[in-house]
$ cat model12.csv   # CSV, C-alpha atoms
chain,number,residue,atom,x,y,z
R,1,MET,CA,19.6,14.7,-12.4
R,2,ALA,CA,17.0,12.1,-11.3
R,3,PRO,CA,14.2,11.8,-10.4
R,4,LEU,CA,13.5,13.2,-13.9
R,5,ILE,CA,9.9,14.4,-13.2
R,6,VAL,CA,11.0,16.4,-10.1
R,7,ASN,CA,13.7,18.1,-12.0
R,8,GLU,CA,11.4,18.9,-14.8
R,9,ILE,CA,13.4,16.9,-17.4
R,10,ILE,CA,10.2,15.3,-18.5
R,11,SER,CA,6.7,16.8,-18.6
R,12,PRO,CA,3.8,15.5,-16.4
R,13,ASP,CA,2.1,13.9,-19.5
R,14,THR,CA,5.4,12.1,-20.4
R,15,ASN,CA,5.5,10.9,-16.8
R,16,LEU,CA,2.1,9.2,-17.4
R,17,LEU,CA,3.3,7.6,-20.6
R,18,ILE,CA,6.3,6.3,-18.7
R,19,ALA,CA,4.0,5.0,-16.0
R,20,PHE,CA,2.2,3.0,-18.6
R,21,LEU,CA,5.5,1.6,-19.9
R,22,ILE,CA,6.7,0.8,-16.4
R,23,GLY,CA,3.4,-0.9,-15.8
R,24,ILE,CA,4.0,-3.2,-18.8
R,25,GLY,CA,7.4,-4.2,-17.3
R,26,PHE,CA,5.8,-4.7,-13.9
R,27,GLY,CA,3.0,-6.9,-15.3
R,28,PHE,CA,5.3,-8.8,-17.6
R,29,VAL,CA,7.7,-9.7,-14.8
R,30,LEU,CA,5.0,-10.6,-12.3
R,31,GLU,CA,3.3,-12.9,-14.7
R,32,GLY,CA,6.5,-14.4,-15.9
R,33,SER,CA,7.6,-15.1,-12.3
R,34,GLY,CA,4.3,-17.0,-11.7
R,35,PHE,CA,2.5,-14.4,-9.7
R,36,SER,CA,-0.6,-14.9,-11.8
R,37,SER,CA,-1.3,-18.2,-9.9
R,38,SER,CA,-2.9,-17.9,-6.5
R,39,ARG,CA,-1.9,-21.4,-5.5
R,40,LYS,CA,1.7,-20.5,-6.3
R,41,LEU,CA,1.4,-17.3,-4.2
R,42,ALA,CA,-0.2,-19.1,-1.3
R,43,GLY,CA,2.5,-21.8,-1.5
R,44,MET,CA,4.7,-19.3,0.3
R,45,PHE,CA,2.8,-19.8,3.5
R,46,TYR,CA,3.0,-23.6,3.4
R,47,GLY,CA,6.6,-23.8,2.4
R,48,TYR,CA,5.9,-25.7,-0.9
R,49,ASP,CA,6.7,-22.7,-3.1
R,50,THR,CA,8.8,-19.8,-1.9
R,51,THR,CA,8.9,-17.9,-5.2
R,52,VAL,CA,7.1,-14.9,-3.5
R,53,LEU,CA,9.8,-14.6,-0.9
R,54,LYS,CA,12.6,-14.9,-3.5
R,55,VAL,CA,11.2,-12.5,-6.0
R,56,PHE,CA,10.0,-10.0,-3.5
R,57,PHE,CA,13.2,-9.7,-1.5
R,58,THR,CA,15.5,-9.9,-4.6
R,59,ALA,CA,13.4,-7.0,-6.1
R,60,ALA,CA,13.6,-4.9,-2.9
R,61,ILE,CA,17.3,-5.3,-2.5
R,62,THR,CA,18.0,-4.7,-6.2
R,63,ALA,CA,16.1,-1.4,-6.2
R,64,MET,CA,17.6,-0.4,-2.8
R,65,VAL,CA,21.2,-1.1,-3.9
R,66,GLY,CA,20.5,0.6,-7.3
R,67,MET,CA,19.3,3.8,-5.6
R,68,LEU,CA,22.2,3.7,-3.2
R,69,PHE,CA,24.7,3.6,-6.1
R,70,PHE,CA,22.8,6.1,-8.2
R,71,SER,CA,22.9,8.5,-5.3
R,72,LEU,CA,26.6,7.8,-4.7
R,73,PHE,CA,27.4,8.5,-8.4
R,74,GLY,CA,25.4,11.7,-8.1
R,75,TRP,CA,22.8,10.5,-10.7
R,76,MET,CA,19.9,10.7,-8.4
R,77,ASP,CA,18.9,12.9,-5.5
R,78,LEU,CA,17.3,10.6,-2.9
R,79,ASP,CA,15.8,13.7,-1.1
R,80,PHE,CA,13.3,14.0,-3.9
R,81,VAL,CA,12.3,10.3,-3.9
R,82,TYR,CA,8.9,9.6,-2.2
R,83,ILE,CA,9.4,7.9,1.1
R,84,ASN,CA,6.2,6.3,2.5
R,85,PRO,CA,5.2,8.1,5.6
R,86,THR,CA,4.9,6.1,8.8
R,87,TYR,CA,1.7,6.0,10.7
R,88,VAL,CA,2.5,3.3,13.2
R,89,THR,CA,-1.1,2.2,14.1
R,90,SER,CA,-2.5,2.1,10.6
R,91,ALA,CA,0.7,0.4,9.2
R,92,ILE,CA,0.2,-2.4,11.7
R,93,VAL,CA,-3.6,-2.7,11.6
R,94,GLY,CA,-3.7,-2.3,7.8
R,95,GLY,CA,-1.0,-4.9,7.4
R,96,VAL,CA,-2.7,-7.4,9.6
R,97,VAL,CA,-6.0,-6.9,7.7
R,98,MET,CA,-4.2,-7.3,4.4
R,99,GLY,CA,-2.5,-10.5,5.7
R,100,VAL,CA,-6.0,-12.0,6.4
R,101,GLY,CA,-7.1,-11.0,2.9
R,102,PHE,CA,-3.9,-12.6,1.4
R,103,ILE,CA,-4.4,-16.0,3.0
R,104,MET,CA,-8.1,-16.1,2.2
R,105,GLY,CA,-8.0,-14.7,-1.3
R,106,GLY,CA,-4.6,-15.8,-2.4
R,107,PHE,CA,-3.8,-12.6,-4.2
R,108,CYS,CA,-2.7,-9.1,-3.5
R,109,PRO,CA,-4.0,-6.2,-5.6
R,110,GLY,CA,-1.1,-6.1,-8.1
R,111,THR,CA,-1.0,-9.9,-8.6
R,112,ALA,CA,-4.8,-10.0,-9.0
R,113,PHE,CA,-4.5,-7.6,-12.0
R,114,CYS,CA,-1.7,-9.6,-13.4
R,115,ALA,CA,-3.8,-12.8,-13.1
R,116,ILE,CA,-6.9,-11.3,-14.6
R,117,SER,CA,-4.8,-10.3,-17.6
R,118,ILE,CA,-4.3,-14.0,-18.4
R,119,GLY,CA,-7.9,-15.0,-17.7
R,120,LYS,CA,-8.0,-16.1,-14.0
R,121,LEU,CA,-11.6,-15.7,-12.9
R,122,ASP,CA,-10.8,-16.1,-9.2
R,123,ALA,CA,-8.7,-12.9,-9.7
R,124,LEU,CA,-11.7,-11.1,-11.1
R,125,ALA,CA,-13.7,-12.1,-8.0
R,126,PHE,CA,-10.8,-10.9,-5.8
R,127,ILE,CA,-10.8,-7.5,-7.6
R,128,GLY,CA,-14.5,-7.2,-7.0
R,129,GLY,CA,-13.8,-7.8,-3.4
R,130,LEU,CA,-11.1,-5.2,-3.4
R,131,THR,CA,-13.4,-2.6,-4.8
R,132,LEU,CA,-16.0,-3.4,-2.1
R,133,GLY,CA,-13.4,-3.2,0.6
R,134,ILE,CA,-12.1,0.2,-0.7
R,135,VAL,CA,-15.7,1.5,-0.9
R,136,PHE,CA,-16.2,0.3,2.7
R,137,PHE,CA,-13.2,2.4,3.8
R,138,THR,CA,-14.0,5.6,1.8
R,139,GLU,CA,-17.7,5.5,2.9
R,140,GLY,CA,-16.9,4.8,6.5
R,141,TYR,CA,-13.9,7.1,6.6
R,142,PRO,CA,-15.1,9.3,9.5
R,143,LEU,CA,-15.2,6.1,11.6
R,144,PHE,CA,-11.6,5.2,10.7
R,145,GLU,CA,-10.1,8.6,10.5
R,146,GLU,CA,-8.7,8.7,14.0
R,147,MET,CA,-7.0,5.3,13.6
R,148,TYR,CA,-5.9,6.2,10.1
R,149,LYS,CA,-4.0,9.2,11.4
R,150,ALA,CA,-2.8,7.9,14.8
R,151,ASN,CA,0.8,7.7,15.9
R,152,PHE,CA,2.3,9.6,12.9
R,153,ILE,CA,6.1,9.7,13.2
R,154,GLY,CA,7.0,11.4,9.9
R,155,THR,CA,9.0,9.7,7.2
R,156,PRO,CA,11.8,7.9,9.1
R,157,THR,CA,13.9,5.3,7.2
R,158,MET,CA,15.2,2.1,8.9
R,159,ASN,CA,18.8,3.4,9.0
R,160,GLU,CA,17.7,6.6,10.7
R,161,LEU,CA,15.7,4.6,13.2
R,162,LEU,CA,18.7,2.4,14.0
R,163,ASP,CA,21.1,5.3,13.7
R,164,ILE,CA,23.5,3.5,11.3
R,165,PRO,CA,24.7,4.5,7.8
R,166,ARG,CA,22.3,3.7,4.9
R,167,GLY,CA,24.9,1.4,3.3
R,168,VAL,CA,25.4,-0.6,6.5
R,169,PHE,CA,21.6,-1.2,6.8
R,170,ALA,CA,21.5,-2.2,3.1
R,171,LEU,CA,24.3,-4.7,3.6
R,172,GLY,CA,22.5,-6.2,6.7
R,173,LEU,CA,19.3,-6.5,4.7
R,174,ILE,CA,21.0,-8.3,1.8
R,175,LEU,CA,22.6,-10.8,4.2
R,176,MET,CA,19.2,-11.3,5.9
R,177,ALA,CA,17.6,-11.9,2.4
R,178,PHE,CA,20.3,-14.4,1.5
R,179,ALA,CA,19.6,-16.3,4.8
R,180,MET,CA,15.9,-16.3,4.0
R,181,PHE,CA,16.6,-17.6,0.4
R,182,TRP,CA,18.6,-20.4,2.0
R,183,VAL,CA,15.6,-21.3,4.3
R,184,GLY,CA,13.3,-21.1,1.3
R,185,GLU,CA,15.3,-23.5,-0.8
R,186,TRP,CA,15.4,-25.9,2.1
R,187,ALA,CA,11.6,-25.7,2.6
R,188,GLU,CA,10.9,-26.4,-1.0
R,189,LYS,CA,13.0,-29.5,-0.9
R,190,LYS,CA,11.3,-30.6,2.3
R,191,PHE,CA,7.7,-29.9,1.0
R,192,PRO,CA,7.9,-30.8,-2.6
R,193,ARG,CA,4.9,-30.3,-5.0
R,194,GLU,CA,3.9,-30.1,-8.6
R,195,GLU,CA,4.1,-26.9,-10.6
R,196,TYR,CA,0.8,-25.1,-10.9
A,197,MET,CA,4.2,-35.0,-25.3
A,198,SER,CA,1.5,-32.4,-25.2
A,199,GLU,CA,0.9,-30.3,-28.4
A,200,VAL,CA,1.0,-26.9,-26.8
A,201,LYS,CA,4.1,-26.8,-24.7
A,202,LYS,CA,3.9,-24.2,-21.9
A,203,THR,CA,7.0,-22.1,-21.1
A,204,LYS,CA,8.2,-22.4,-17.6
A,205,TYR,CA,8.3,-19.5,-15.2
A,206,PHE,CA,11.4,-17.3,-14.9
A,207,ASN,CA,14.0,-18.3,-12.4
A,208,PRO,CA,12.7,-16.4,-9.2
A,209,TYR,CA,16.0,-14.6,-8.6
A,210,ILE,CA,16.2,-13.4,-12.2
A,211,GLY,CA,12.5,-12.4,-11.9
A,212,GLY,CA,13.3,-10.5,-8.7
A,213,VAL,CA,16.2,-8.6,-10.3
A,214,LEU,CA,14.0,-7.6,-13.2
A,215,LEU,CA,11.2,-6.5,-10.9
A,216,GLY,CA,13.8,-4.5,-8.9
A,217,LEU,CA,15.0,-2.8,-12.1
A,218,VAL,CA,11.4,-1.9,-12.9
A,219,LEU,CA,11.0,-0.4,-9.4
A,220,LEU,CA,14.3,1.4,-9.7
A,221,ALA,CA,13.2,2.9,-13.1
A,222,ALA,CA,10.0,4.1,-11.5
A,223,ASN,CA,12.0,5.9,-8.8
A,224,PHE,CA,14.5,7.2,-11.2
A,225,VAL,CA,12.0,8.6,-13.7
A,226,SER,CA,9.1,9.5,-11.5
A,227,GLY,CA,10.5,9.7,-8.0
A,228,ARG,CA,8.1,7.1,-6.7
A,229,GLY,CA,7.5,3.4,-6.4
A,230,LEU,CA,5.0,1.0,-7.9
A,231,GLY,CA,1.5,0.4,-6.7
A,232,ALA,CA,-1.9,-1.2,-7.3
A,233,SER,CA,-4.6,-0.5,-4.8
A,234,GLY,CA,-4.3,3.3,-5.4
A,235,ALA,CA,-5.5,2.7,-9.0
A,236,ILE,CA,-8.7,1.0,-7.8
A,237,LYS,CA,-9.3,3.9,-5.3
A,238,SER,CA,-9.0,6.3,-8.2
A,239,ALA,CA,-11.7,4.4,-10.0
A,240,VAL,CA,-13.9,4.3,-7.0
A,241,VAL,CA,-13.6,8.0,-6.4
A,242,SER,CA,-14.1,8.8,-10.0
A,243,THR,CA,-17.3,6.6,-10.1
A,244,VAL,CA,-18.7,8.3,-7.0
A,245,ASN,CA,-18.0,11.7,-8.5
A,246,THR,CA,-19.9,10.8,-11.6
A,247,VAL,CA,-22.8,8.7,-10.1
A,248,ALA,CA,-23.4,10.7,-6.9
A,249,PRO,CA,-21.8,14.1,-7.2
A,250,SER,CA,-23.6,15.6,-4.2
A,251,HIS,CA,-22.5,12.7,-2.0
A,252,ALA,CA,-18.9,13.2,-3.2
A,253,GLU,CA,-19.2,16.9,-2.2
A,254,ASN,CA,-20.6,16.2,1.3
A,255,SER,CA,-18.5,13.2,2.3
A,256,VAL,CA,-15.2,13.9,4.0
A,257,PHE,CA,-13.0,11.3,2.1
A,258,TYR,CA,-14.1,12.2,-1.4
A,259,LYS,CA,-14.0,15.9,-0.6
A,260,ASN,CA,-10.4,15.7,0.6
A,261,TYR,CA,-9.4,13.5,-2.3
A,262,ASN,CA,-10.9,15.8,-4.9
A,263,GLU,CA,-9.3,18.9,-3.4
A,264,SER,CA,-5.9,17.3,-3.7
A,265,HIS,CA,-6.4,15.6,-7.1
A,266,GLU,CA,-7.6,17.4,-10.2
A,267,ASN,CA,-8.9,14.3,-12.0
A,268,PRO,CA,-8.7,11.0,-10.1
A,269,MET,CA,-8.3,8.9,-13.3
A,270,LYS,CA,-5.4,11.0,-14.6
A,271,SER,CA,-3.0,9.5,-12.1
A,272,TRP,CA,0.3,7.8,-12.3
A,273,LEU,CA,-1.0,4.6,-10.8
A,274,VAL,CA,-4.0,4.3,-13.1
A,275,PHE,CA,-1.7,4.5,-16.2
A,276,GLN,CA,0.8,2.1,-14.5
A,277,MET,CA,-2.1,-0.4,-13.8
A,278,MET,CA,-3.2,-0.3,-17.5
A,279,GLY,CA,0.3,-1.2,-18.3
A,280,VAL,CA,0.3,-4.1,-15.9
A,281,LEU,CA,-2.8,-5.6,-17.7
A,282,VAL,CA,-0.9,-5.3,-21.0
A,283,GLY,CA,2.4,-6.6,-19.7
A,284,GLY,CA,0.7,-9.6,-17.9
A,285,PHE,CA,-1.2,-10.4,-21.0
A,286,LEU,CA,1.9,-10.3,-23.2
A,287,SER,CA,3.8,-12.6,-20.8
A,288,GLY,CA,0.9,-15.0,-20.6
A,289,ALA,CA,0.6,-15.0,-24.4
A,290,PHE,CA,4.3,-15.7,-25.0
A,291,ALA,CA,4.2,-18.5,-22.4
A,292,LYS,CA,0.8,-19.9,-23.7
A,293,ARG,CA,-0.9,-19.4,-20.3
A,294,LEU,CA,-3.9,-17.5,-21.6
A,295,LYS,CA,-7.0,-19.4,-20.4
A,296,PHE,CA,-10.2,-18.6,-18.6
A,297,LYS,CA,-10.2,-20.6,-15.4
A,298,VAL,CA,-10.9,-20.6,-11.7
A,299,GLU,CA,-7.7,-21.9,-10.0
A,300,HIS,CA,-8.3,-23.8,-6.8
A,301,SER,CA,-7.1,-26.8,-4.8
A,302,PRO,CA,-8.7,-30.1,-6.0
A,303,LYS,CA,-10.1,-30.4,-2.4
A,304,ILE,CA,-12.5,-27.5,-2.8
A,305,THR,CA,-15.1,-26.4,-5.4
A,306,SER,CA,-14.9,-23.4,-7.7
A,307,LYS,CA,-17.7,-21.8,-5.8
A,308,ARG,CA,-15.9,-22.0,-2.5
A,309,ARG,CA,-12.8,-20.5,-4.2
A,310,ILE,CA,-14.8,-17.6,-5.6
A,311,ILE,CA,-16.4,-16.9,-2.3
A,312,PHE,CA,-13.1,-16.8,-0.5
A,313,ALA,CA,-11.5,-14.7,-3.3
A,314,ILE,CA,-14.3,-12.1,-2.8
A,315,LEU,CA,-13.9,-12.1,1.0
A,316,GLY,CA,-10.1,-12.0,0.8
A,317,GLY,CA,-10.4,-9.1,-1.6
A,318,MET,CA,-12.6,-7.2,0.7
A,319,PHE,CA,-10.1,-7.5,3.6
A,320,PHE,CA,-7.2,-6.7,1.3
A,321,GLY,CA,-9.0,-3.7,-0.2
A,322,PHE,CA,-9.9,-2.3,3.2
A,323,GLY,CA,-6.5,-3.0,4.7
A,324,SER,CA,-4.7,-1.3,1.8
A,325,GLN,CA,-6.6,1.9,2.4
A,326,LEU,CA,-5.9,1.9,6.1
A,327,GLY,CA,-2.3,0.9,5.5
A,328,ARG,CA,-1.8,3.6,2.8
A,329,GLY,CA,-0.8,1.0,0.1
A,330,CYS,CA,-0.7,-2.7,-0.5
A,331,THR,CA,2.1,-5.2,-1.1
A,332,SER,CA,3.4,-3.2,-4.0
A,333,GLY,CA,2.9,0.4,-2.9
A,334,SER,CA,3.6,0.1,0.8
A,335,ALA,CA,5.6,-3.1,1.4
A,336,LEU,CA,7.8,-3.5,-1.7
A,337,SER,CA,8.2,0.2,-2.7
A,338,GLY,CA,8.5,1.3,0.9
A,339,MET,CA,11.2,-1.3,1.6
A,340,ALA,CA,13.2,-0.2,-1.4
A,341,VAL,CA,13.4,3.4,0.0
A,342,LEU,CA,13.9,1.9,3.6
A,343,SER,CA,10.7,3.4,4.9
A,344,VAL,CA,10.0,2.2,8.5
A,345,GLY,CA,6.3,2.1,7.6
A,346,GLY,CA,7.0,-0.1,4.6
A,347,PHE,CA,8.9,-2.6,6.7
A,348,LEU,CA,6.3,-2.6,9.4
A,349,THR,CA,3.4,-3.2,6.9
A,350,MET,CA,5.4,-5.9,5.1
A,351,ALA,CA,6.1,-7.8,8.4
A,352,CYS,CA,2.4,-7.5,9.3
A,353,ILE,CA,1.1,-8.8,6.0
A,354,PHE,CA,3.3,-11.8,5.8
A,355,GLY,CA,3.3,-12.4,9.5
A,356,THR,CA,-0.5,-12.6,9.7
A,357,ALA,CA,-0.8,-14.7,6.6
A,358,PHE,CA,1.7,-17.2,8.0
A,359,ALA,CA,0.0,-17.2,11.4
A,360,LEU,CA,-3.4,-18.0,9.8
A,361,ALA,CA,-2.1,-20.3,7.1
A,362,TYR,CA,-3.0,-23.4,9.1
A,363,PHE,CA,-6.8,-22.5,9.2
A,364,PHE,CA,-7.0,-22.1,5.5
A,365,ARG,CA,-4.8,-25.0,4.4
A,366,LYS,CA,-7.6,-26.9,2.7
A,367,ASN,CA,-8.1,-24.0,0.3
A,368,TRP,CA,-4.6,-24.3,-1.1
A,369,ILE,CA,-3.0,-27.7,-0.5
$ encode --input "model12.csv" --output "structure tokens"
Amino acid sequence: MAPLIVNEIISPDTNLLIAFLIGIGFGFVLEGSGFSSSRKLAGMFYGYDTTVLKVFFTAAITAMVGMLFFSLFGWMDLDFVYINPTYVTSAIVGGVVMGVGFIMGGFCPGTAFCAISIGKLDALAFIGGLTLGIVFFTEGYPLFEEMYKANFIGTPTMNELLDIPRGVFALGLILMAFAMFWVGEWAEKKFPREEY
Amino acid sequence: MSEVKKTKYFNPYIGGVLLGLVLLAANFVSGRGLGASGAIKSAVVSTVNTVAPSHAENSVFYKNYNESHENPMKSWLVFQMMGVLVGGFLSGAFAKRLKFKVEHSPKITSKRRIIFAILGGMFFGFGSQLGRGCTSGSALSGMAVLSVGGFLTMACIFGTAFALAYFFRKNWI
């Protein structure tokens, strides 16, 4: 039955309307969780606020487990869900460059939009920077094309890579997330601070 | 007691479950995850198409993009991003957090904060294109579908930020 768009249960235009509604939910939850504050986001890297870790991993495991059960119940065909392709080189280099941007700028693109929606001007500056960075990539694309396409290994999933059942990997990830939450709670007690 | 009482943030685990349900809905309905940087790319390509059409025709990136996308602004991520602005605004309005301000550590000036925000944005924007998505599109959505690339990008983003945190501590704490 699902994904609805792939099985033509909804039209492409309805899909765009749904995208808008999903965006409202996305923005609402990000803002409500405190992701509109750069100091709260950056707190993750100093241990004084591990909200990012908790929200991010809880979200990932919730969606992962949801899809696992939907597939088990026959409600959703995971073969038609988009799996991000893996280009090893660009995934690593791109991730490192984004990490530099994160600690300098205090936002990521999604949280910057969320922050500008409540009036944070540093987020506006960050979005200006994002646009410049993207133009730098699109204009200089011939220079980066080789790195961009290097070491393509298809669309493997973690459980395929480790050669274990999907559910077993999911369980392992959940246990790992719980361990990290425990460390996060400990760090927040050790490095207390005010609420931003 | 202050006159305007701000609402506190959600419990992070409840916020996380809600975010997970939004991501699950995106996959259930549209067969894809969430994203952010892709929407800015759409705006960039669309601007170049309008302002410098001959440049867009002759430059590899825009040519490839326009061949595979009919109208860059009629994209799932652009509509989703407009929703994010509305959703963030609504949450901020309910919690009484709507206010124009530059948020920064008391140890630095607003000017320094803005300069670092622009620089950080440039790195993040460039990296998101190289890495085929940002924290939302590549790391979070990729992890939910167990993509190896998603896990790799997530580890590199957070690993690098942790590794460099010491050098930028004055900006935040």
$ residues_around --input "model12.csv" --residues "Gly43 (chain R)" --least-positions-apart "5" --cutoff "10 Å" --atoms "all atoms listed in the file" --output "JSON, numbers by chain"
{"R": [37, 38, 48, 49, 50, 51, 52, 106, 188, 191, 193], "A": [361, 365, 368, 369]}
$ closest_atom_pairs --input "model12.csv" --of "region 29-110 of chain R" --to "region 2-8 of chain R" --cutoff "7 Å" --atoms "only C-alpha atoms" --output "tab-separated table"
residue	atom	partner	partner_atom	distance
R:Trp75	CA	R:Ala2	CA	6.0
R:Met76	CA	R:Ala2	CA	4.3
R:Asp77	CA	R:Ala2	CA	6.2
R:Phe80	CA	R:Pro3	CA	6.9
R:Val81	CA	R:Pro3	CA	6.9
$ closest_residue --input "model12.csv" --among "A:Phe290, A:Phe312, A:Phe322, A:Phe285" --to "Gly234 (chain A)" --atoms "only C-alpha atoms"
A:Phe322
$ residues_around --input "model12.csv" --residues "Lys270 (chain A)" --least-positions-apart "4" --cutoff "12 Å" --atoms "all atoms listed in the file" --output "PyMOL selection string"
(chain R and resi 12-13+15-17+19-20) or (chain A and resi 235+238-239+241-242+265-266+274-278)
$ residues_around --input "model12.csv" --residues "Ala232 (chain A)" --least-positions-apart "3" --cutoff "10 Å" --atoms "only C-alpha atoms" --output "list of chain:residue names"
R:Cys108, R:Pro109, R:Gly110, R:Thr111, R:Ala112, R:Phe113, A:Ala235, A:Ile236, A:Lys237, A:Leu273, A:Val274, A:Gln276, A:Met277, A:Val280, A:Ser324, A:Gly329, A:Cys330, A:Thr331, A:Ser332, A:Gly333, A:Ser334
$ closest_residue --input "model12.csv" --among "A:Ser233, A:Thr243, A:Asn223, A:Thr203" --to "Tyr258 (chain A)" --atoms "all atoms listed in the file"
A:Thr243
$ atom_distance --input "model12.csv" --atom1 "CA of Leu173 (chain R)" --atom2 "CA of Thr58 (chain R)"
10.6 Å
$ atom_distance --input "model12.csv" --atom1 "CA of Trp272 (chain A)" --atom2 "CA of Leu342 (chain A)"
21.7 Å
$ closest_residue --input "model12.csv" --among "R:Leu41, R:Tyr46, R:Phe107, R:Ser36" --to "Lys190 (chain R)" --atoms "all atoms listed in the file"
R:Tyr46
$ atom_distance --input "model12.csv" --atom1 "CA of Gly346 (chain A)" --atom2 "CA of Thr157 (chain R)"
9.1 Å
$ residues_around --input "model12.csv" --residues "Val213 (chain A)" --least-positions-apart "6" --cutoff "9 Å" --atoms "only C-alpha atoms" --output "ChimeraX atom specification"
/R:55,58-63
$ residues_around --input "model12.csv" --residues "Val100 (chain R)" --least-positions-apart "4" --cutoff "7 Å" --atoms "only C-alpha atoms" --output "ChimeraX atom specification"
/R:96,104 /A:316,319,356-357
$ residues_near_point --input "model12.csv" --point "(-0.6, -4.4, 9.2)" --cutoff "8 Å" --atoms "only C-alpha atoms" --output "PyMOL selection string"
(chain R and resi 90-99) or (chain A and resi 323+327+348-353)
$ decode --input "model12.csv" --residues "region 337-366 of chain A" --atoms "C-alpha atoms" --output "short mmCIF file (atom, residue, chain, number, x, y, z; two decimals), in the first residue's frame"
data_model
loop_
_atom_site.label_atom_id
_atom_site.label_comp_id
_atom_site.auth_asym_id
_atom_site.auth_seq_id
_atom_site.Cartn_x
_atom_site.Cartn_y
_atom_site.Cartn_z
CA SER A 337 16.69 10.43 6.90
CA GLY A 338 19.56 8.20 5.75
CA MET A 339 19.90 6.64 9.20
CA ALA A 340 16.17 5.87 9.40
CA VAL A 341 16.42 3.79 6.20
CA LEU A 342 19.75 2.35 7.45
CA SER A 343 21.74 3.81 4.52
CA VAL A 344 25.48 3.24 4.96
CA GLY A 345 26.13 6.70 3.48
CA GLY A 346 23.73 8.26 5.99
CA PHE A 347 25.56 6.72 8.94
CA LEU A 348 28.93 7.69 7.49
CA THR A 349 27.90 11.32 6.94
CA MET A 350 26.30 11.52 10.40
CA ALA A 351 29.49 10.23 12.06
CA CYS A 352 31.65 12.69 10.09
CA ILE A 353 29.46 15.72 10.85
CA PHE A 354 29.26 15.10 14.59
CA GLY A 355 32.81 13.70 14.85
CA THR A 356 34.34 16.77 13.20
CA ALA A 357 32.24 19.19 15.24
CA PHE A 358 33.31 17.42 18.45
CA ALA A 359 36.96 17.39 17.38
CA LEU A 360 36.97 21.13 16.66
CA ALA A 361 34.75 22.20 19.57
CA TYR A 362 37.70 23.20 21.74
CA PHE A 363 38.92 25.82 19.24
CA PHE A 364 35.54 27.52 19.01
CA ARG A 365 34.53 27.31 22.68
CA LYS A 366 34.59 31.06 23.21
#
